[in-house]
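K.L.:
Submitted below is the structure of interest, expressed as structure tokens.
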Amino acid sequence: MTVTEAERERRRALLEQHYAVENAGDIPGIMATFAPDAVMHYNGVPFATADAIEGAHLYLGFADAAGAFDGPQNHIDRLSFTDTDVVVEGRLSGIHVADFLGFAATGRPVVLPYTAFYCYNDDGLLTSERVVMNLGPLNPDFVGAPAGLL
């Protein structure tokens, strides 16, 4: 099945809403973009309940609560569409201020490239979010992001 232009635009608008509330740190807004039975996968680890999905966003720092990153922001570099998903090539930027998955805080700006797949139901809610993120920039020996990415 070919994705129609109308469906692309619907999905694009839903994704932009999801990113807007994430970047604003609006946890209730973020959770409102997910279906009750949604599953989020982060680097292969499933988060299969609303509490787990919310906890993952808090852990990253998408709220006023302390998280691994200060001021995390998601940036879309490229959008693609499959029959079922919106595919994002993007990057998370922020200041690495606390432990993240075993990487001690560096106190420096980081850019973490990722590819993410978002699937929406007919009601416009996320049923699946699958993110694969490059954590290499958290390595203390990492040289840094090219200028202009933060």
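How things are named: the first chain in the structure tokens is A, the next is B, and so on; residues count from 1 in each chain; ligands count from 1 in the order shown.
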At a cut-off of 10 Å, using only C-alpha atoms, what residues contact Pro46 in chain A? Leave out same-chain residues fewer than 6 positions from it and give the result as a ChimeraX atom specification.
P.N.:
/A:39-40,52-53,129-130
K.L.:
Report, in Å to a single decimal, how far apart CA of Asp51 in chain A and CA of Val86 in chain A are.
P.N.:
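Calculated distance between CA of Val86 in chain A and CA of Asp51 in chain A is 24.0 Å.
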K.L.:
Which residue out of A:Cys119, A:Val21, A:Val45, A:Val110 has the minimum interatomic distance to Gly136 in chain A when only C-alpha atoms are used?
P.N.:
A:Val110
K.L.:
Which polymer residues have any atom within 9 Å of an atom of range 72-75 of chain A, counting only C-alpha atoms, with same-chain residues fewer than 6 positions away left out, as a list in words?
P.N.:
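Surrounding residues, per the criterion: Tyr19, Ala20, Glu22, Asn23, Ala24, Gly25, Leu60, Gly61, Phe62, Glu89, Gly90, Arg91, Leu92, Ser93, Gly94 and Ile95 of chain A.
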K.L.:
For a quick check of understanding, using only C-alpha atoms, which of A:Met133, A:Ala13, A:Ala116, A:Val3 has the smallest distance to Arg78 in chain A?
P.N.:
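Nearest candidate to Arg78 in chain A out of A:Met133, A:Ala13, A:Ala116, A:Val3: A:Ala116.
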K.L.:
Could you check which of A:Ala35, A:Leu101, A:Tyr59, A:Tyr118 is closest to Glu16 in chain A, using only C-alpha atoms?
P.N.:
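Of the candidates, the smallest distance to Glu16 in chain A is held by A:Tyr118.
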K.L.:
Tell me which protein, DNA and RNA residues are within 9 Å of Thr33 in chain A, counting only C-alpha atoms, leaving out same-chain ones fewer than 4 positions away, and put them as a ChimeraX atom specification.
P.N.:
/A:14,17-18,21,28-29,124-126
K.L.:
Restricting the output to N, CA and C atoms, write the selected residues as a compact mmCIF listing (two decimals), in the first residue's frame.
P.N.:
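Generated file (selection.txt):
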# COMPACT_ATOMS: atom_id res chain seq x y z
N LEU A 14 1.07 14.90 13.64
CA LEU A 14 1.08 14.16 14.91
C LEU A 14 2.49 14.10 15.48
N GLN A 17 3.55 17.46 16.89
CA GLN A 17 2.92 17.68 18.20
C GLN A 17 3.68 16.93 19.29
N HIS A 18 4.04 15.68 19.01
CA HIS A 18 4.79 14.87 19.98
C HIS A 18 6.12 15.53 20.31
N VAL A 21 5.72 18.84 22.51
CA VAL A 21 5.50 18.65 23.95
C VAL A 21 6.73 18.04 24.61
N PRO A 28 2.64 15.56 30.95
CA PRO A 28 1.26 15.17 30.64
C PRO A 28 0.97 15.27 29.13
N GLY A 29 1.53 16.28 28.47
CA GLY A 29 1.36 16.41 27.02
C GLY A 29 2.01 15.27 26.26
N GLY A 124 -4.93 8.85 16.08
CA GLY A 124 -3.84 9.82 16.14
C GLY A 124 -2.93 9.66 17.34
N LEU A 125 -2.95 8.48 17.96
CA LEU A 125 -2.09 8.23 19.12
C LEU A 125 -0.97 7.27 18.75
N LEU A 126 0.17 7.48 19.38
CA LEU A 126 1.31 6.59 19.17
C LEU A 126 1.01 5.22 19.75
K.L.:
Could you work out how far CA of Gly102 in chain A lies from CA of Phe117 in chain A, giving the answer in Å with one decimal?
P.N.:
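Separation between CA of Phe117 in chain A and CA of Gly102 in chain A: 24.9 Å.
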K.L.:
Find the distance between CA of Phe34 in chain A and CA of Val97 in chain A and write it in Å to one decimal.
P.N.:
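According to the coordinates, CA of Phe34 in chain A and CA of Val97 in chain A are separated by 27.4 Å.
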K.L.:
Among chain A, which residues carry a DSSP assignment of alpha helix (DSSP H), reported as a PyMOL selection string?
P.N.:
chain A and resi 5-23+27-32+50-60
K.L.:
Using only C-alpha atoms, which residue out of A:Asp37, A:Tyr120, A:Asp26, A:Val132 lies closest to Thr84 in chain A?
P.N.:
A:Tyr120
K.L.:
Check the DSSP output for the backbone and give back, as a PyMOL selection string, the residues of range 4-84 of chain A in strand (DSSP E).
P.N.:
chain A and resi 34-42+45-47+69-81
